[in-house]
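Below: one structure, written as structure tokens.
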Amino acid sequence: MADRRRVNGPVGATIPPVFEDEDVQVQATQRTTRSRAPNGIRKMYLKTGVTPSASGSAYLEIETSGKDGVSGLKLSCTVHGPRSLPRLSPFSPHIILSTHVKFAPFATKQRRGYLRDPSERDLGTHLEAALRGAIIADRWPKSGVDIIISIIEGDQGRETSGAQGDDTWDMMNALSGCITVASAALADAGIDCVDTVAGGVAALVRGSGENDTARIVIDPIPSEHERIEAACCIAYLPARDEITNLWFKGDMPDHDMGIYSELVQQGIQASKLANRVLVESLGETVK
Amino acid sequence: MEAPTLSFSRPLFAKLSPHPYLLRNLSPASPADSPCRSNGRAPHEARPVHIHTGSLSHAHGSALVRAGDTTVICGVRAEALPVTSIPQYRPKTVFDADNSGAGIGRGELKDYDLLVPNIELATGCAPQFLPGVPPTALAQTLSTRVYSLLHAAQIVDPADLRIWYTPPKYEDKMDADTEEDEVEDESTKPQLMAYWVLYIDLLFVSFDGNPFDAAWTVVMAALRNTKLPQARWDPDRETAVCSRAKAAPLNIRGLPLACSAAVFLEKEHAEGGEGRHWILLDPDRLEESLCKEMVTVVVDCSSGETRLRSIEKQGGTVVGRELVRGFAGVAEGRWKEVSKAMG
């Protein structure tokens, strides 16, 4: 049954716009290649304190690839708490994190509904794992904190053809942004952490040529590469040299562990670069 | 040695006893001073509005409105609704490419539910709005108010939302008698095959009072920014096919804008209108929580003269006929400010 607490619109199903084929072909030929260095991340803009009534908040924007129709990531994060747990909940010796990640209905190619779907819940659990390693949880027994992220715009190309299966890679980029922005918001809320955690993505990509060898790039944009073999999203604490969350997906030969460790190493590198932006932005706020 | 004085900071006073705090702020110590609200504004002073449009690439139109600490984002997205999937569809036979017969389709928007505004507050935009719960009463009320005002003010032209199909003429038809000719004529007339449905989604990033004004301003700004791709009906695929190159802006009729105020009473639990009262324009979160009576007036001055499009008043007995009339003048001033920000 339709949700009667929202305006649901027409009963019949609506179809998202379908664009003419010739346009898509033109776009496919224009598929841009990566202009950045393989070990460089895109520019980011990070600002804390966008929601004054929350305990802490932050906004992160990652620049677009310069190609028309491909959006950059835009995230807004609010932190509420620490607050006491509800009366009926069982005793907890440490702080309880609850993370919500939600795409705005206008964030992606397909319009999203208002109820969280499994992929958003999955992002939430990964985010929780990444942050749990950074927060000094024993300082707040019997309390909870809510971390809410709205993805205002996803990191996605607009054309549909040739981009099938990109969603999984988009999710990785979204998660790395979520980790960085949540870390900034936690710092803004004054919740004690061992270090600022930041997210980074590295991917094993293959060019369009037949005999192109696979190479590793950081902060990949799926629309810029013909094929992504594997990718890995890492949450990393630089001061302690610790990984709090590792999410690896893809297809890789198992005889060569070297590639795998190189991928993780590059992921850490991406995370370090994001961390530099994070620390700089927090430093500016303190001033 | 001096005894430590017991004194609290201003935010702490505001939290402990909000009503006396705001009252003391509004009653100046000397009659020479003009009253000033706890946020530093004069009673009839609204927060400046900043509007930014077209920043979202996946939506057909978008806007961001910031008034003080209230920030809303709106994305307008169009999806095609084939007439075959509309129950109780009444076909129109008249083709009006030049929008001359716009009056015919007055009921279309409402009957087929072509405008779908939804407001999401559960983004942690204020401590009382956390996700994981169904939409709050406020979110539902706001969605409904925007929905009804969109229909009542008739700002969207239904002609913009129609997708037509003109069947091709077959030249090589056999020599037919006159009766078949007439049938042929009938079938080559343009047919209405689908409608665009506008999904208008609002997301509050930060909430600090007066949500309706911000929501309505962002809806207007986003609709004015909306460009629908030119669509033609493809009978084989049974869907609307759009061209990426051509897009036309919507014809938005007029520019109604909302202006809200709250009435603050001197006595916290007063029943009647006794005691002094203040009319606080563009209330923030603290003021909204202390006021029972709210007035919202929607005016449109885009045609040169001021036209009232909607008056809403809830609770309380202070605002009467004269005050509403005076308030329309305030709303007119506010309209000029906001429309200037809209550009």
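Ordered as shown in the structure tokens, chains take letters A, B, and onward, while each chain numbers its residues from 1 and ligands are numbered from 1 in the order shown.
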Checklist entry - Skipping near chain neighbours, those fewer than 2 positions away, what residues fall within 6 Å of A:Glu61 using only C-alpha atoms, listed as a PyMOL selection string? => result chain A and resi 44-45+73-74
Same residues, C-alpha atoms, output as a PDB file, in the first residue's frame:
```pdb
ATOM      1  CA  MET A  44      37.488  18.795  -2.280  1.00  0.00           C
ATOM      2  CA  TYR A  45      35.702  21.478  -0.381  1.00  0.00           C
ATOM      3  CA  LEU A  73      29.776  14.285  -4.861  1.00  0.00           C
ATOM      4  CA  LYS A  74      27.863  16.543  -2.474  1.00  0.00           C
TER       5      LYS A  74
END
```
Sort by chain and increasing residue number a table of all residues of chain B within 8 Å of chain A, each with its closest pair of atoms and their distance in Å to one decimal, counting only C-alpha atoms, and write it as a Markdown table.
```
| residue | atom | partner | partner_atom | distance |
| --- | --- | --- | --- | --- |
| B:Leu56 | CA | A:Glu153 | CA | 6.9 |
| B:Ser57 | CA | A:Ser71 | CA | 6.0 |
| B:His58 | CA | A:Lys109 | CA | 6.0 |
| B:Ala59 | CA | A:Phe106 | CA | 5.8 |
| B:Asp69 | CA | A:Pro52 | CA | 7.0 |
| B:Gly75 | CA | A:Phe106 | CA | 5.9 |
| B:Val76 | CA | A:Phe106 | CA | 7.7 |
| B:Arg77 | CA | A:Phe106 | CA | 7.2 |
| B:Ala78 | CA | A:Pro16 | CA | 7.2 |
| B:Glu79 | CA | A:Pro16 | CA | 4.6 |
| B:Ala80 | CA | A:Ile15 | CA | 5.0 |
| B:Leu81 | CA | A:Thr14 | CA | 4.6 |
| B:Pro82 | CA | A:Thr14 | CA | 7.4 |
| B:Ser85 | CA | A:Gly12 | CA | 5.0 |
| B:Ile86 | CA | A:Gly12 | CA | 5.8 |
| B:Pro87 | CA | A:Gly12 | CA | 7.7 |
| B:Tyr112 | CA | A:Pro10 | CA | 6.1 |
| B:Asp113 | CA | A:Pro10 | CA | 5.1 |
| B:Leu114 | CA | A:Gly9 | CA | 6.7 |
| B:Leu115 | CA | A:Gly9 | CA | 6.9 |
| B:Val116 | CA | A:Gly9 | CA | 5.1 |
| B:Pro117 | CA | A:Val7 | CA | 6.5 |
| B:Asn118 | CA | A:Val7 | CA | 6.0 |
| B:Thr123 | CA | A:Ile148 | CA | 6.5 |
| B:Gly124 | CA | A:Thr78 | CA | 6.0 |
| B:Cys125 | CA | A:Thr51 | CA | 6.5 |
| B:Ala126 | CA | A:Ser53 | CA | 5.5 |
| B:Pro127 | CA | A:Ala54 | CA | 6.1 |
| B:Pro131 | CA | A:His100 | CA | 7.3 |
| B:Pro134 | CA | A:Arg5 | CA | 7.8 |
| B:Pro135 | CA | A:Arg5 | CA | 6.6 |
| B:Gln140 | CA | A:Arg5 | CA | 6.2 |
| B:Ser143 | CA | A:Val7 | CA | 7.1 |
| B:Thr144 | CA | A:Val7 | CA | 7.5 |
| B:Val197 | CA | A:Thr14 | CA | 7.5 |
| B:Asp201 | CA | A:Pro105 | CA | 6.7 |
| B:Leu203 | CA | A:Ala104 | CA | 7.5 |
| B:Val205 | CA | A:Thr51 | CA | 6.9 |
| B:Ser206 | CA | A:Thr51 | CA | 4.9 |
| B:Phe207 | CA | A:Thr51 | CA | 7.5 |
| B:Asp208 | CA | A:Ser53 | CA | 7.6 |
| B:Thr239 | CA | A:Ile15 | CA | 7.8 |
| B:Ala240 | CA | A:Val18 | CA | 6.7 |
| B:Val241 | CA | A:Val18 | CA | 5.1 |
| B:Cys242 | CA | A:Phe19 | CA | 4.7 |
| B:Ser243 | CA | A:Phe19 | CA | 5.8 |
| B:Arg244 | CA | A:Phe19 | CA | 6.4 |
```
Next on the checklist: Could you go through stretch 50-233 of chain B and tell me which residues DSSP, when run on the backbone, assigns to strand (DSSP E), listing them as a PyMOL selection string?
Outcome noted: chain B and resi 50-53+61-67+70-82+115-120+162-165+191-206+227-233
Next on the checklist: Given only C-alpha atoms as the basis, pick out the residue of B:Gly107, B:Pro283, B:Gly54, B:Pro31 nearest to B:Asp157.
Outcome noted: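 Of B:Gly107, B:Pro283, B:Gly54, B:Pro31, the one nearest B:Asp157, counting only C-alpha atoms, is B:Gly107.
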Checklist entry - Quick one: residues within 9 Å of A:Gly133, only C-alpha atoms counted, chain neighbours fewer than 2 positions away excluded, as a list in words? => result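 Final neighbour list, sorted by chain and number: Glu128, Ala129, Ala130, Leu131, Ile135, Ile136, Ala137, Cys193, Val194, Val197, Leu237, Glu242, Ile243, Thr244 and Asn245 of chain A.
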Item to check | Residues within 7 Å of stretch 202-204 of chain A, only C-alpha atoms, excluding chain neighbours under 3 positions, as a count of residues only | outcome: 16
Next on the checklist: Report, in Å with one decimal, the straight-line distance from atom CA of B:Asn251 to atom CA of B:Gln154.
Outcome noted: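 Atom-to-atom, atom CA of B:Asn251 and atom CA of B:Gln154 are spaced 11.0 Å apart.
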Checklist entry - Between atom CA of B:Gly343 and atom CA of B:Thr53, what is the spacing in Å? => result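 Pair atom CA of B:Thr53 / atom CA of B:Gly343 returns 10.4 Å.
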Checklist entry - When DSSP works through the backbone of this structure, what residues of stretch 92-304 of chain B end up as helix (DSSP H, G or I), shown as an NGL selection string? => result :B and (102-105 or 108-111 or 137-153 or 158-161 or 178-187 or 211-225 or 285-290)
Just want the 9 Å neighbourhood of B:Ala46, counted on only C-alpha atoms, with same-chain residues fewer than 6 positions away dropped. Output as an mmCIF file with N, CA and C atoms, in the first residue's frame.
```
data_model
loop_
_atom_site.group_PDB
_atom_site.id
_atom_site.type_symbol
_atom_site.label_atom_id
_atom_site.label_comp_id
_atom_site.auth_asym_id
_atom_site.auth_seq_id
_atom_site.Cartn_x
_atom_site.Cartn_y
_atom_site.Cartn_z
ATOM 1 N N ALA B 67 17.934 31.208 4.329
ATOM 2 C CA ALA B 67 17.462 32.388 5.050
ATOM 3 C C ALA B 67 17.946 32.230 6.479
ATOM 4 N N LEU B 280 6.134 39.025 15.148
ATOM 5 C CA LEU B 280 7.518 38.753 14.792
ATOM 6 C C LEU B 280 7.557 38.177 13.379
ATOM 7 N N LEU B 281 8.139 38.914 12.474
ATOM 8 C CA LEU B 281 8.235 38.470 11.095
ATOM 9 C C LEU B 281 9.349 37.430 10.981
ATOM 10 N N ASP B 282 9.105 36.411 10.149
ATOM 11 C CA ASP B 282 10.115 35.391 9.857
ATOM 12 C C ASP B 282 10.700 34.795 11.148
ATOM 13 N N PRO B 283 9.862 34.147 11.961
ATOM 14 C CA PRO B 283 10.323 33.681 13.272
ATOM 15 C C PRO B 283 11.373 32.576 13.153
ATOM 16 N N ARG B 334 8.262 42.214 1.680
ATOM 17 C CA ARG B 334 9.033 40.976 1.688
ATOM 18 C C ARG B 334 9.115 40.399 0.269
#
```
Checklist entry - Any idea what the distance is between atom CA of B:Glu337 and atom CA of B:Ala258? => result 11.7 Å
